[in-house]
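K.L.:
Dropping a structure here in structure tokens format, bear with me for questions.
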Amino acid sequence: MELSGWGRFPVVEGQVVASEDLLRSARTAGLARGLGRAYGDAALPAPGSDRPVLVSTAADRVLSFDPSTGLLRAEAGLSLSTLARLFLPLGYFSPVSPGTQYVTLGGMVASDIHGKNHHVDGTFGRFVTSLKMMVADGSVLEVNREQHADLFAATLGGMGLTGIILEVEVKLTKLAAPWVYEETSRIGSFREVFSRLNAAGETWPMTVAWVDTTSTGAARGRGILNAGRWATTEESPKEPPPVKQGLMVPDVFPSGVMNGATIAMLNSVWYAKHGAADKKHVVAPGTFFWILDLAREWNRGYGKAGFTQYQCVMPSDIELYDRFLELFQKLGGASFVTVFKDCGDQGEGMLSFPKRGTTLAVDVPIRDPEQTAKMVRELNAFVLDNEGRVYLAKDAFTTSEQFKRMYPRWEEFEAVRDRYDPDRRFTSAQSVRLLGR
Ligand SMILES: Cc1cc2nc3c(=O)[nH]c(=O)nc-3n(C[C@H](O)[C@H](O)[C@H](O)COP(=O)(O)OP(=O)(O)OC[C@H]3O[C@@H](n4cnc5c(N)ncnc54)[C@H](O)[C@@H]3O)c2cc1C
């Protein structure tokens, strides 16, 4: 079948194997895939690979849960949406959540995902206590900080290249109440968004800002700041806060509908919709964490040619980001789904993305893939000049040379692959692009 990531580019032919028995399907597989939410080519088979891609989602059993410690063990295909549905009513939640609930535990480990709490809590991998994995020779290993510690550190953020994750053991967060207290503010300029985001990180455990990448003049980079924390028992509403119903985006949009003009219009509407006054309220977790999920299959809005999300992290310096935004605009960039967020320290995963600084994610519609590649490489040159890197879960265009400069532990990572998979059974379109065969 045809396979692609969330960005719908690239599209490749591949064989797929799926079963409730994850180990059985792992026996033949050359790569695992969860819900396909990585944007680029991370979950796509390497060109010419004769091994199928294992889709894990049928293997989603909860295997054990200890309420006294919050320790959950589940199959790698368990989705975050199911986890939330089962565990929020019991007063537990994932310690880290990405901007969508449609990801699997396996995908969360392989991308070592980060969330709005990265500046205080770090990545998902920090809360993972053990993994059960099938490695290249077919053996099944329990992998953690004591056993096969090298493989553990390579697998957190290892983009599926170290073996098939069969089970994940992770410590869930105990909540006083399953709601989020949130404050949002509309902010008129990029500089102020940056300083308010930084200041909010001092007192709030969860922060993020949306930035208008198309506004110009004094309003350039204006935005909306969201700061949140889990609500206390006293703040719990008598009735659950209303949850907006999502709509399904039909697959009818020609590529090109999302262009500079339409994106500028969407940005203005989103900015105006917030209103000038600050907002303070208790909301359902989905409203706070997964606002994007309200438009199901929103990637279809970019048409069949698709889009890429460019996400980088660089030191927290507004001058730097000001110049980055200027370059992005100069290269013709215009983004609607734009996320600005401060990051804490680098985690233990050898290829984990976040490191201390600020991360910016912008969407780039694809019209001509060559042009997009050129733009990404120019942005990469800027990011590299400023000690930054891009997020592999979003990437489809970075060159091998740029990747190796961004991820200084890549040789250590390859040494782990040499030990556990010397013949490179596990590969992806991304791994061939970045690391060769
Ligand atoms: C709307 C949206 C918002 C997002 N927001 C964030 C965010 O805030 N923070 C963030 O960090 N990320 C974010 N992401 C990216 C997303 O969290 C990651 O791409 C995640 O890995 C997707 O999980 P998945 O189950 O869909 O995995 P897939 O996309 O299917 O696969 C991703 C990688 O995981 C590997 N993999 C999957 N399952 C296994 C397994 N069982 N064993 C070994 N390897 C496996 C694949 O080989 C691939 O390399 C977002 C994505 C979208 C679409």
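Identifiers for the structure tokens are assigned positionally: chains receive A, B, ... in sequence, residues are indexed from 1 per chain, and ligands are indexed from 1 in the order shown.
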How close does each residue of stretch 103-222 of chain A get to stretch 328-342 of chain A, giving the shortest atom pair and distance in Å to one decimal for every residue with an atom at most 12 Å away, counting only C-alpha atoms, sorted by chain and residue number, as a Markdown table?
P.N.:
| residue | atom | partner | partner_atom | distance |
| --- | --- | --- | --- | --- |
| A:His114 | CA | A:Lys341 | CA | 10.4 |
| A:Gly115 | CA | A:Lys341 | CA | 9.0 |
| A:Lys116 | CA | A:Lys341 | CA | 7.4 |
| A:Asn117 | CA | A:Asp342 | CA | 9.1 |
| A:His118 | CA | A:Asp342 | CA | 7.6 |
| A:His119 | CA | A:Asp342 | CA | 6.2 |
| A:Val120 | CA | A:Asp342 | CA | 9.9 |
| A:Asp121 | CA | A:Asp342 | CA | 12.0 |
| A:Gly122 | CA | A:Asp342 | CA | 11.1 |
| A:Phe190 | CA | A:Phe340 | CA | 10.4 |
| A:Val193 | CA | A:Phe340 | CA | 9.0 |
| A:Phe194 | CA | A:Phe340 | CA | 8.4 |
| A:Ser195 | CA | A:Asp342 | CA | 10.7 |
| A:Arg196 | CA | A:Asp342 | CA | 11.0 |
| A:Leu197 | CA | A:Lys341 | CA | 7.4 |
| A:Asn198 | CA | A:Asp342 | CA | 6.9 |
| A:Ala199 | CA | A:Asp342 | CA | 10.3 |
| A:Ala200 | CA | A:Asp342 | CA | 9.9 |
| A:Gly201 | CA | A:Asp342 | CA | 7.5 |
| A:Glu202 | CA | A:Asp342 | CA | 10.7 |
| A:Trp204 | CA | A:Asp342 | CA | 11.8 |
| A:Pro205 | CA | A:Asp342 | CA | 11.4 |
| A:Met206 | CA | A:Lys341 | CA | 9.8 |
| A:Thr207 | CA | A:Lys341 | CA | 7.0 |
| A:Val208 | CA | A:Lys341 | CA | 5.0 |
| A:Ala209 | CA | A:Phe340 | CA | 5.0 |
| A:Trp210 | CA | A:Val339 | CA | 5.1 |
| A:Val211 | CA | A:Thr338 | CA | 5.7 |
| A:Asp212 | CA | A:Phe336 | CA | 7.2 |
| A:Thr213 | CA | A:Ser335 | CA | 6.0 |
| A:Thr214 | CA | A:Ala334 | CA | 5.9 |
| A:Ser215 | CA | A:Ala334 | CA | 9.7 |
| A:Thr216 | CA | A:Gln329 | CA | 9.7 |
| A:Arg220 | CA | A:Gln329 | CA | 10.5 |
| A:Gly221 | CA | A:Thr338 | CA | 10.4 |
| A:Arg222 | CA | A:Thr338 | CA | 11.5 |
K.L.:
Would you save the residues of that selection, restricted to N, CA and C atoms, as an mmCIF file, in the first residue's frame?
P.N.:
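Wrote result.cif, looks like this:
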data_model
loop_
_atom_site.group_PDB
_atom_site.id
_atom_site.type_symbol
_atom_site.label_atom_id
_atom_site.label_comp_id
_atom_site.auth_asym_id
_atom_site.auth_seq_id
_atom_site.Cartn_x
_atom_site.Cartn_y
_atom_site.Cartn_z
ATOM 1 N N HIS A 114 8.154 15.549 23.450
ATOM 2 C CA HIS A 114 8.153 16.605 24.460
ATOM 3 C C HIS A 114 6.793 17.297 24.433
ATOM 4 N N GLY A 115 6.470 17.965 25.527
ATOM 5 C CA GLY A 115 5.178 18.652 25.600
ATOM 6 C C GLY A 115 5.314 20.031 26.200
ATOM 7 N N LYS A 116 4.185 20.560 26.618
ATOM 8 C CA LYS A 116 4.156 21.930 27.156
ATOM 9 C C LYS A 116 4.920 22.036 28.478
ATOM 10 N N ASN A 117 5.215 20.878 29.105
ATOM 11 C CA ASN A 117 5.926 20.896 30.388
ATOM 12 C C ASN A 117 7.414 20.597 30.220
ATOM 13 N N HIS A 118 7.954 20.666 28.989
ATOM 14 C CA HIS A 118 9.349 20.259 28.831
ATOM 15 C C HIS A 118 10.295 21.073 29.712
ATOM 16 N N HIS A 119 10.022 22.351 29.875
ATOM 17 C CA HIS A 119 10.957 23.197 30.642
ATOM 18 C C HIS A 119 11.088 22.765 32.104
ATOM 19 N N VAL A 120 10.104 22.010 32.625
ATOM 20 C CA VAL A 120 10.266 21.515 34.005
ATOM 21 C C VAL A 120 10.436 19.992 34.073
ATOM 22 N N ASP A 121 9.776 19.267 33.182
ATOM 23 C CA ASP A 121 9.738 17.800 33.328
ATOM 24 C C ASP A 121 10.587 17.036 32.330
ATOM 25 N N GLY A 122 11.033 17.670 31.275
ATOM 26 C CA GLY A 122 11.803 16.943 30.260
ATOM 27 C C GLY A 122 10.901 16.133 29.340
ATOM 28 N N PHE A 190 6.351 40.101 18.678
ATOM 29 C CA PHE A 190 7.166 38.896 18.835
ATOM 30 C C PHE A 190 8.045 38.998 20.085
ATOM 31 N N VAL A 193 5.993 38.404 23.088
ATOM 32 C CA VAL A 193 5.618 36.980 23.199
ATOM 33 C C VAL A 193 6.786 36.214 23.814
ATOM 34 N N PHE A 194 7.978 36.488 23.292
ATOM 35 C CA PHE A 194 9.180 35.790 23.760
ATOM 36 C C PHE A 194 9.409 36.039 25.250
ATOM 37 N N SER A 195 9.343 37.306 25.669
ATOM 38 C CA SER A 195 9.664 37.576 27.079
ATOM 39 C C SER A 195 8.551 37.066 27.996
ATOM 40 N N ARG A 196 7.301 37.154 27.545
ATOM 41 C CA ARG A 196 6.206 36.646 28.399
ATOM 42 C C ARG A 196 6.250 35.120 28.489
ATOM 43 N N LEU A 197 6.652 34.451 27.400
ATOM 44 C CA LEU A 197 6.778 32.989 27.417
ATOM 45 C C LEU A 197 7.853 32.581 28.421
ATOM 46 N N ASN A 198 8.993 33.265 28.359
ATOM 47 C CA ASN A 198 10.084 32.971 29.294
ATOM 48 C C ASN A 198 9.671 33.211 30.737
ATOM 49 N N ALA A 199 8.994 34.335 30.954
ATOM 50 C CA ALA A 199 8.571 34.670 32.326
ATOM 51 C C ALA A 199 7.546 33.645 32.822
ATOM 52 N N ALA A 200 6.633 33.231 31.952
ATOM 53 C CA ALA A 200 5.602 32.258 32.363
ATOM 54 C C ALA A 200 6.247 30.935 32.773
ATOM 55 N N GLY A 201 7.341 30.576 32.088
ATOM 56 C CA GLY A 201 8.045 29.329 32.400
ATOM 57 C C GLY A 201 8.609 29.308 33.814
ATOM 58 N N GLU A 202 8.779 30.479 34.433
ATOM 59 C CA GLU A 202 9.314 30.541 35.803
ATOM 60 C C GLU A 202 8.279 30.073 36.818
ATOM 61 N N TRP A 204 4.854 28.696 35.755
ATOM 62 C CA TRP A 204 3.854 27.736 35.281
ATOM 63 C C TRP A 204 4.534 26.438 34.821
ATOM 64 N N PRO A 205 3.929 25.273 35.165
ATOM 65 C CA PRO A 205 4.529 24.007 34.727
ATOM 66 C C PRO A 205 4.273 23.690 33.254
ATOM 67 N N MET A 206 3.267 24.347 32.662
ATOM 68 C CA MET A 206 2.976 24.057 31.253
ATOM 69 C C MET A 206 2.772 25.384 30.513
ATOM 70 N N THR A 207 3.546 25.590 29.455
ATOM 71 C CA THR A 207 3.448 26.836 28.696
ATOM 72 C C THR A 207 3.631 26.557 27.209
ATOM 73 N N VAL A 208 3.046 27.422 26.389
ATOM 74 C CA VAL A 208 3.276 27.374 24.943
ATOM 75 C C VAL A 208 2.753 28.680 24.355
ATOM 76 N N ALA A 209 3.297 29.092 23.218
ATOM 77 C CA ALA A 209 2.746 30.280 22.554
ATOM 78 C C ALA A 209 2.488 29.971 21.085
ATOM 79 N N TRP A 210 1.447 30.574 20.568
ATOM 80 C CA TRP A 210 1.189 30.549 19.130
ATOM 81 C C TRP A 210 1.676 31.890 18.583
ATOM 82 N N VAL A 211 2.309 31.861 17.412
ATOM 83 C CA VAL A 211 2.868 33.094 16.842
ATOM 84 C C VAL A 211 2.287 33.323 15.441
ATOM 85 N N ASP A 212 1.951 34.561 15.158
ATOM 86 C CA ASP A 212 1.474 34.928 13.816
ATOM 87 C C ASP A 212 2.694 35.225 12.944
ATOM 88 N N THR A 213 3.006 34.310 12.044
ATOM 89 C CA THR A 213 4.223 34.458 11.221
ATOM 90 C C THR A 213 4.006 35.359 10.013
ATOM 91 N N THR A 214 2.761 35.810 9.801
ATOM 92 C CA THR A 214 2.511 36.603 8.595
ATOM 93 C C THR A 214 2.273 38.083 8.888
ATOM 94 N N SER A 215 2.097 38.439 10.158
ATOM 95 C CA SER A 215 1.882 39.860 10.471
ATOM 96 C C SER A 215 3.198 40.616 10.275
ATOM 97 N N THR A 216 3.069 41.880 9.970
ATOM 98 C CA THR A 216 4.277 42.674 9.677
ATOM 99 C C THR A 216 4.281 43.954 10.514
ATOM 100 N N ARG A 220 4.476 42.386 13.934
ATOM 101 C CA ARG A 220 5.199 41.206 13.438
ATOM 102 C C ARG A 220 5.414 40.197 14.572
ATOM 103 N N GLY A 221 5.015 38.958 14.339
ATOM 104 C CA GLY A 221 5.231 37.913 15.334
ATOM 105 C C GLY A 221 4.347 38.035 16.571
ATOM 106 N N ARG A 222 3.233 38.779 16.455
ATOM 107 C CA ARG A 222 2.298 38.847 17.591
ATOM 108 C C ARG A 222 1.802 37.433 17.896
#
K.L.:
Quick one: which chain A residues come within 6 Å of ligand 1, and what is the nearest atom pair for each with the distance in Å to one decimal, counting only C-alpha atoms and all ligand atoms, rows ordered by chain and ascending number, as a Markdown table?
P.N.:
| residue | atom | partner | partner_atom_place_in_ligand_line | distance |
| --- | --- | --- | --- | --- |
| A:Trp6 | CA | ligand 1 | 53 (C) | 5.6 |
| A:Leu31 | CA | ligand 1 | 47 (O) | 5.5 |
| A:Ala32 | CA | ligand 1 | 47 (O) | 4.5 |
| A:Arg33 | CA | ligand 1 | 30 (O) | 3.8 |
| A:Gly34 | CA | ligand 1 | 30 (O) | 3.4 |
| A:Leu35 | CA | ligand 1 | 26 (O) | 3.5 |
| A:Gly36 | CA | ligand 1 | 30 (O) | 3.3 |
| A:Arg37 | CA | ligand 1 | 26 (O) | 3.6 |
| A:Ala38 | CA | ligand 1 | 19 (O) | 3.2 |
| A:Ala42 | CA | ligand 1 | 49 (O) | 4.2 |
| A:Ala43 | CA | ligand 1 | 48 (C) | 4.1 |
| A:Ser56 | CA | ligand 1 | 41 (N) | 5.9 |
| A:Ala76 | CA | ligand 1 | 41 (N) | 5.0 |
| A:Pro98 | CA | ligand 1 | 8 (O) | 3.5 |
| A:Gly99 | CA | ligand 1 | 5 (N) | 3.6 |
| A:Thr100 | CA | ligand 1 | 3 (C) | 4.7 |
| A:Val103 | CA | ligand 1 | 25 (O) | 3.8 |
| A:Thr104 | CA | ligand 1 | 25 (O) | 3.7 |
| A:Gly106 | CA | ligand 1 | 38 (N) | 4.0 |
| A:Gly107 | CA | ligand 1 | 23 (O) | 3.6 |
| A:Met108 | CA | ligand 1 | 21 (O) | 4.8 |
| A:Ala110 | CA | ligand 1 | 34 (O) | 4.4 |
| A:Ser111 | CA | ligand 1 | 21 (O) | 4.6 |
| A:Ile113 | CA | ligand 1 | 11 (O) | 3.2 |
| A:His114 | CA | ligand 1 | 11 (O) | 4.0 |
| A:Gly115 | CA | ligand 1 | 8 (O) | 4.9 |
| A:Met159 | CA | ligand 1 | 49 (O) | 3.5 |
| A:Gly160 | CA | ligand 1 | 44 (N) | 3.3 |
| A:Gly163 | CA | ligand 1 | 43 (C) | 5.9 |
| A:Ile164 | CA | ligand 1 | 42 (N) | 3.9 |
| A:Ile165 | CA | ligand 1 | 42 (N) | 3.6 |
| A:Leu166 | CA | ligand 1 | 41 (N) | 5.7 |
| A:Leu292 | CA | ligand 1 | 1 (C) | 5.9 |
| A:Ala393 | CA | ligand 1 | 19 (O) | 4.6 |
K.L.:
Would you save the residues of that selection, restricted to N, CA and C atoms, as a compact mmCIF listing (two decimals), in the first residue's frame?
P.N.:
# COMPACT_ATOMS: atom_id res chain seq x y z
N TRP A 6 2.29 12.31 8.50
CA TRP A 6 1.22 13.29 8.67
C TRP A 6 1.32 14.42 7.63
N LEU A 31 10.73 -2.35 10.23
CA LEU A 31 10.47 -1.05 10.86
C LEU A 31 9.09 -1.13 11.51
N ALA A 32 8.91 -0.38 12.61
CA ALA A 32 7.58 -0.31 13.22
C ALA A 32 6.97 1.05 12.94
N ARG A 33 5.66 1.07 13.03
CA ARG A 33 4.92 2.31 12.81
C ARG A 33 3.72 2.30 13.75
N GLY A 34 3.41 3.47 14.31
CA GLY A 34 2.25 3.56 15.19
C GLY A 34 1.09 4.17 14.43
N LEU A 35 0.69 5.39 14.83
CA LEU A 35 -0.45 6.04 14.17
C LEU A 35 -0.02 6.97 13.04
N GLY A 36 1.24 6.91 12.65
CA GLY A 36 1.71 7.66 11.48
C GLY A 36 1.68 9.16 11.66
N ARG A 37 1.86 9.64 12.92
CA ARG A 37 1.80 11.09 13.15
C ARG A 37 3.14 11.77 12.98
N ALA A 38 4.23 11.03 12.80
CA ALA A 38 5.48 11.70 12.42
C ALA A 38 5.21 12.34 11.07
N ALA A 42 9.98 9.30 8.78
CA ALA A 42 10.51 8.46 9.86
C ALA A 42 9.83 7.09 9.93
N ALA A 43 8.56 7.03 9.58
CA ALA A 43 7.83 5.76 9.70
C ALA A 43 7.57 5.15 8.32
N SER A 56 1.48 -1.11 14.63
CA SER A 56 1.35 -1.67 15.98
C SER A 56 -0.04 -1.52 16.60
N ALA A 76 2.90 -1.61 22.95
CA ALA A 76 3.39 -0.38 22.31
C ALA A 76 2.35 0.29 21.42
N PRO A 98 2.10 15.12 23.62
CA PRO A 98 2.33 15.98 22.45
C PRO A 98 1.05 16.74 22.10
N GLY A 99 1.06 17.46 20.99
CA GLY A 99 -0.09 18.27 20.59
C GLY A 99 -1.21 17.49 19.94
N THR A 100 -1.13 16.17 19.95
CA THR A 100 -2.22 15.33 19.45
C THR A 100 -2.31 14.09 20.33
N VAL A 103 -1.34 9.31 18.98
CA VAL A 103 0.01 8.75 18.90
C VAL A 103 0.02 7.49 19.76
N THR A 104 0.94 6.60 19.48
CA THR A 104 1.04 5.36 20.28
C THR A 104 2.19 5.48 21.29
N GLY A 106 4.60 3.40 21.56
CA GLY A 106 5.84 3.11 20.82
C GLY A 106 6.37 4.35 20.11
N GLY A 107 5.46 5.09 19.48
CA GLY A 107 5.85 6.32 18.77
C GLY A 107 6.32 7.40 19.74
N MET A 108 5.72 7.44 20.93
CA MET A 108 6.12 8.45 21.92
C MET A 108 7.54 8.18 22.43
N ALA A 110 9.86 6.32 20.62
CA ALA A 110 10.81 6.40 19.50
C ALA A 110 11.13 7.85 19.12
N SER A 111 10.17 8.78 19.34
CA SER A 111 10.46 10.19 19.07
C SER A 111 10.87 10.92 20.35
N ILE A 113 9.09 12.11 22.78
CA ILE A 113 8.29 13.32 22.58
C ILE A 113 8.40 14.30 23.76
N HIS A 114 8.15 15.55 23.45
CA HIS A 114 8.15 16.60 24.46
C HIS A 114 6.79 17.30 24.43
N GLY A 115 6.47 17.96 25.53
CA GLY A 115 5.18 18.65 25.60
C GLY A 115 5.31 20.03 26.20
N MET A 159 13.99 6.82 16.76
CA MET A 159 13.19 6.79 15.52
C MET A 159 13.04 5.37 14.96
N GLY A 160 12.86 4.42 15.87
CA GLY A 160 12.52 3.05 15.45
C GLY A 160 13.67 2.26 14.87
N GLY A 163 15.16 -1.44 16.98
CA GLY A 163 14.40 -2.66 17.19
C GLY A 163 12.93 -2.33 17.33
N ILE A 164 12.13 -3.38 17.53
CA ILE A 164 10.69 -3.16 17.66
C ILE A 164 10.35 -3.08 19.15
N ILE A 165 9.75 -1.97 19.56
CA ILE A 165 9.30 -1.84 20.95
C ILE A 165 7.99 -2.61 21.08
N LEU A 166 7.98 -3.59 21.96
CA LEU A 166 6.77 -4.41 22.13
C LEU A 166 5.92 -3.91 23.29
N LEU A 292 -5.56 20.95 18.28
CA LEU A 292 -5.49 20.64 16.85
C LEU A 292 -6.38 19.46 16.47
N ALA A 393 11.22 13.83 14.13
CA ALA A 393 9.84 13.37 13.96
C ALA A 393 9.07 14.26 12.98
K.L.:
Would you mind telling me which residue in A:Gly157, A:Pro47, A:Gly306, A:Pro422 lies nearest to A:Leu351 when using only C-alpha atoms?
P.N.:
A:Gly157
K.L.:
Mind checking which residues fall within 8 Å of stretch 243-248 of chain A, counting only C-alpha atoms, ignoring those fewer than 5 positions away in the same chain, and posting them as an mmCIF file with N, CA and C atoms, in the first residue's frame?
P.N.:
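The result, written out as selection.cif:
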data_model
loop_
_atom_site.group_PDB
_atom_site.id
_atom_site.type_symbol
_atom_site.label_atom_id
_atom_site.label_comp_id
_atom_site.auth_asym_id
_atom_site.auth_seq_id
_atom_site.Cartn_x
_atom_site.Cartn_y
_atom_site.Cartn_z
ATOM 1 N N ALA A 284 -11.177 21.007 30.001
ATOM 2 C CA ALA A 284 -10.891 19.570 29.884
ATOM 3 C C ALA A 284 -9.476 19.406 29.318
ATOM 4 N N GLY A 286 -8.284 17.685 26.980
ATOM 5 C CA GLY A 286 -8.235 17.698 25.505
ATOM 6 C C GLY A 286 -8.220 19.117 24.950
ATOM 7 N N THR A 287 -8.958 20.025 25.605
ATOM 8 C CA THR A 287 -9.021 21.411 25.144
ATOM 9 C C THR A 287 -7.653 22.077 25.308
ATOM 10 N N ASP A 293 -6.617 18.563 17.431
ATOM 11 C CA ASP A 293 -7.426 17.380 17.126
ATOM 12 C C ASP A 293 -8.893 17.733 16.856
ATOM 13 N N LEU A 294 -9.274 18.989 17.154
ATOM 14 C CA LEU A 294 -10.658 19.396 16.882
ATOM 15 C C LEU A 294 -10.953 19.348 15.390
ATOM 16 N N ALA A 295 -9.937 19.561 14.583
ATOM 17 C CA ALA A 295 -10.126 19.419 13.128
ATOM 18 C C ALA A 295 -9.462 18.098 12.724
ATOM 19 N N ARG A 296 -10.259 17.019 12.710
ATOM 20 C CA ARG A 296 -9.701 15.702 12.402
ATOM 21 C C ARG A 296 -9.167 15.695 10.970
ATOM 22 N N GLU A 297 -8.017 15.061 10.782
ATOM 23 C CA GLU A 297 -7.367 14.971 9.461
ATOM 24 C C GLU A 297 -7.114 16.367 8.865
ATOM 25 N N TRP A 298 -6.683 17.299 9.729
ATOM 26 C CA TRP A 298 -6.474 18.676 9.230
ATOM 27 C C TRP A 298 -5.336 18.752 8.218
#
K.L.:
When DSSP works through the backbone of this structure, what residues of stretch 92-337 of chain A end up as helix (DSSP H, G or I), shown as a VMD selection string?
P.N.:
chain A and resid 105 to 110 118 to 121 124 to 127 149 to 155 190 to 203 217 to 219 260 to 274 285 to 289 291 to 294 298 to 302 318 to 330
K.L.:
Which is closer to A:Phe93 than all the others in A:Val17, A:Ile318, A:Leu175, A:Val128, using only C-alpha atoms?
P.N.:
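Looking at the shortest contact to A:Phe93, the residue is A:Leu175.
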K.L.:
List every residue of stretch 94-179 of chain A that DSSP, applied to the backbone of this structure, places in strand (DSSP E), and write the result as a list in words.
P.N.:
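So, restricting stretch 94-179 of chain A to strand (DSSP E), we get Val128, Thr129, Ser130, Leu131, Lys132, Met133, Met134, Val140, Leu141, Glu142, Val143, Ile164, Ile165, Leu166, Glu167, Val168, Glu169, Val170, Lys171, Thr173 and Lys174 of chain A.
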K.L.:
Pick out the residues sitting within 7 Å of stretch 52-54 of chain A, and hand them over as a CSV table (one decimal) with C-alpha atoms, in the first residue's frame; count only C-alpha atoms, and ignore anything fewer than 5 positions along from it in its own chain.
P.N.:
chain,number,residue,atom,x,y,z
A,14,GLY,CA,5.4,-0.4,1.2
A,15,GLN,CA,4.2,-3.7,2.6
A,16,VAL,CA,2.4,-3.6,5.9
A,17,VAL,CA,2.0,-6.3,8.5
A,18,ALA,CA,-0.4,-5.9,11.5
A,25,SER,CA,4.4,-9.5,13.2
A,26,ALA,CA,7.7,-8.2,14.5
A,28,THR,CA,9.4,-10.3,9.7
A,29,ALA,CA,9.3,-6.5,10.0
A,30,GLY,CA,12.1,-4.1,9.1
A,31,LEU,CA,10.5,-1.0,10.9
A,32,ALA,CA,7.6,-0.3,13.2
A,33,ARG,CA,4.9,2.3,12.8
A,45,PRO,CA,10.2,1.9,4.7
K.L.:
Go through A:Glu387, A:Glu2, A:Glu348, A:Asp278 one by one, measure the shortest atom-to-atom distance of each to A:Thr155 using only C-alpha atoms, and give the residue with the smallest value.
P.N.:
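Counting only C-alpha atoms, the residue closest to A:Thr155 is A:Glu348.
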K.L.:
With distances taken over only C-alpha atoms, which residue among A:Ser139, A:Ser255, A:Gln402, A:Ser316 lies nearest A:Val364?
P.N.:
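Counting only C-alpha atoms, the residue closest to A:Val364 is A:Ser255.
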K.L.:
Hey, what's within 7 Å of A:Lys394 if we count only C-alpha atoms and toss same-chain stuff fewer than 4 positions away? As a compact mmCIF listing (two decimals) with N, CA and C atoms, in the first residue's frame, please?
P.N.:
# COMPACT_ATOMS: atom_id res chain seq x y z
N ALA A 38 4.23 11.03 12.80
CA ALA A 38 5.48 11.70 12.42
C ALA A 38 5.21 12.34 11.07
N TYR A 39 5.68 13.57 10.88
CA TYR A 39 5.29 14.30 9.67
C TYR A 39 5.99 13.81 8.40
N GLY A 40 7.26 13.45 8.52
CA GLY A 40 8.06 13.21 7.31
C GLY A 40 8.20 11.74 6.97
N GLN A 309 6.63 20.16 8.45
CA GLN A 309 6.69 21.07 9.61
C GLN A 309 8.16 21.23 9.96
N TYR A 310 8.59 22.47 9.94
CA TYR A 310 9.99 22.76 10.27
C TYR A 310 10.04 23.10 11.75
N GLN A 311 10.66 22.23 12.55
CA GLN A 311 10.78 22.53 13.98
C GLN A 311 12.24 22.51 14.39
K.L.:
Determine the nearest neighbour of A:Phe288 from the options A:Lys304, A:Arg356, A:His274, A:Arg229, counting only C-alpha atoms.
P.N.:
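Of A:Lys304, A:Arg356, A:His274, A:Arg229, the one nearest A:Phe288 is A:Arg229, counting only C-alpha atoms.
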K.L.:
When you look at A:Ala136 with a cut-off of 7 Å (counting only C-alpha atoms), what residues show up, excluding the ones that are within fewer than 3 positions of it in the same chain? I need them as a PyMOL selection string.
P.N.:
chain A and resi 163+420-421+425
K.L.:
Please write the residues from the selection above to a file, keeping N, CA and C atoms, as a PDB file, in the first residue's frame.
P.N.:
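Saved result, selection_8.pdb, follows:
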ATOM      1  N   GLY A 163      15.165  -1.441  16.982  1.00  0.00           N
ATOM      2  CA  GLY A 163      14.400  -2.664  17.191  1.00  0.00           C
ATOM      3  C   GLY A 163      12.927  -2.333  17.325  1.00  0.00           C
ATOM      4  N   TYR A 420      23.740  -4.204  18.093  1.00  0.00           N
ATOM      5  CA  TYR A 420      22.472  -4.944  18.140  1.00  0.00           C
ATOM      6  C   TYR A 420      21.911  -5.260  16.753  1.00  0.00           C
ATOM      7  N   ASP A 421      22.376  -4.572  15.740  1.00  0.00           N
ATOM      8  CA  ASP A 421      21.823  -4.755  14.392  1.00  0.00           C
ATOM      9  C   ASP A 421      22.911  -4.481  13.345  1.00  0.00           C
ATOM     10  N   ARG A 425      19.072  -4.450   9.803  1.00  0.00           N
ATOM     11  CA  ARG A 425      17.735  -4.962   9.495  1.00  0.00           C
ATOM     12  C   ARG A 425      16.695  -3.841   9.624  1.00  0.00           C
TER      13      ARG A 425
END
K.L.:
Nearest residue to A:Leu392 out of A:Gly228, A:Pro242, A:Gly158, A:Gly349, using only C-alpha atoms?
P.N.:
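Result for the nearest residue to A:Leu392: A:Gly158.
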K.L.:
Report as a count of residues only all protein, DNA and RNA residues lying within 10 Å of A:Ala396, evaluated on only C-alpha atoms, omitting residues in the same chain fewer than 5 positions from it.
P.N.:
20
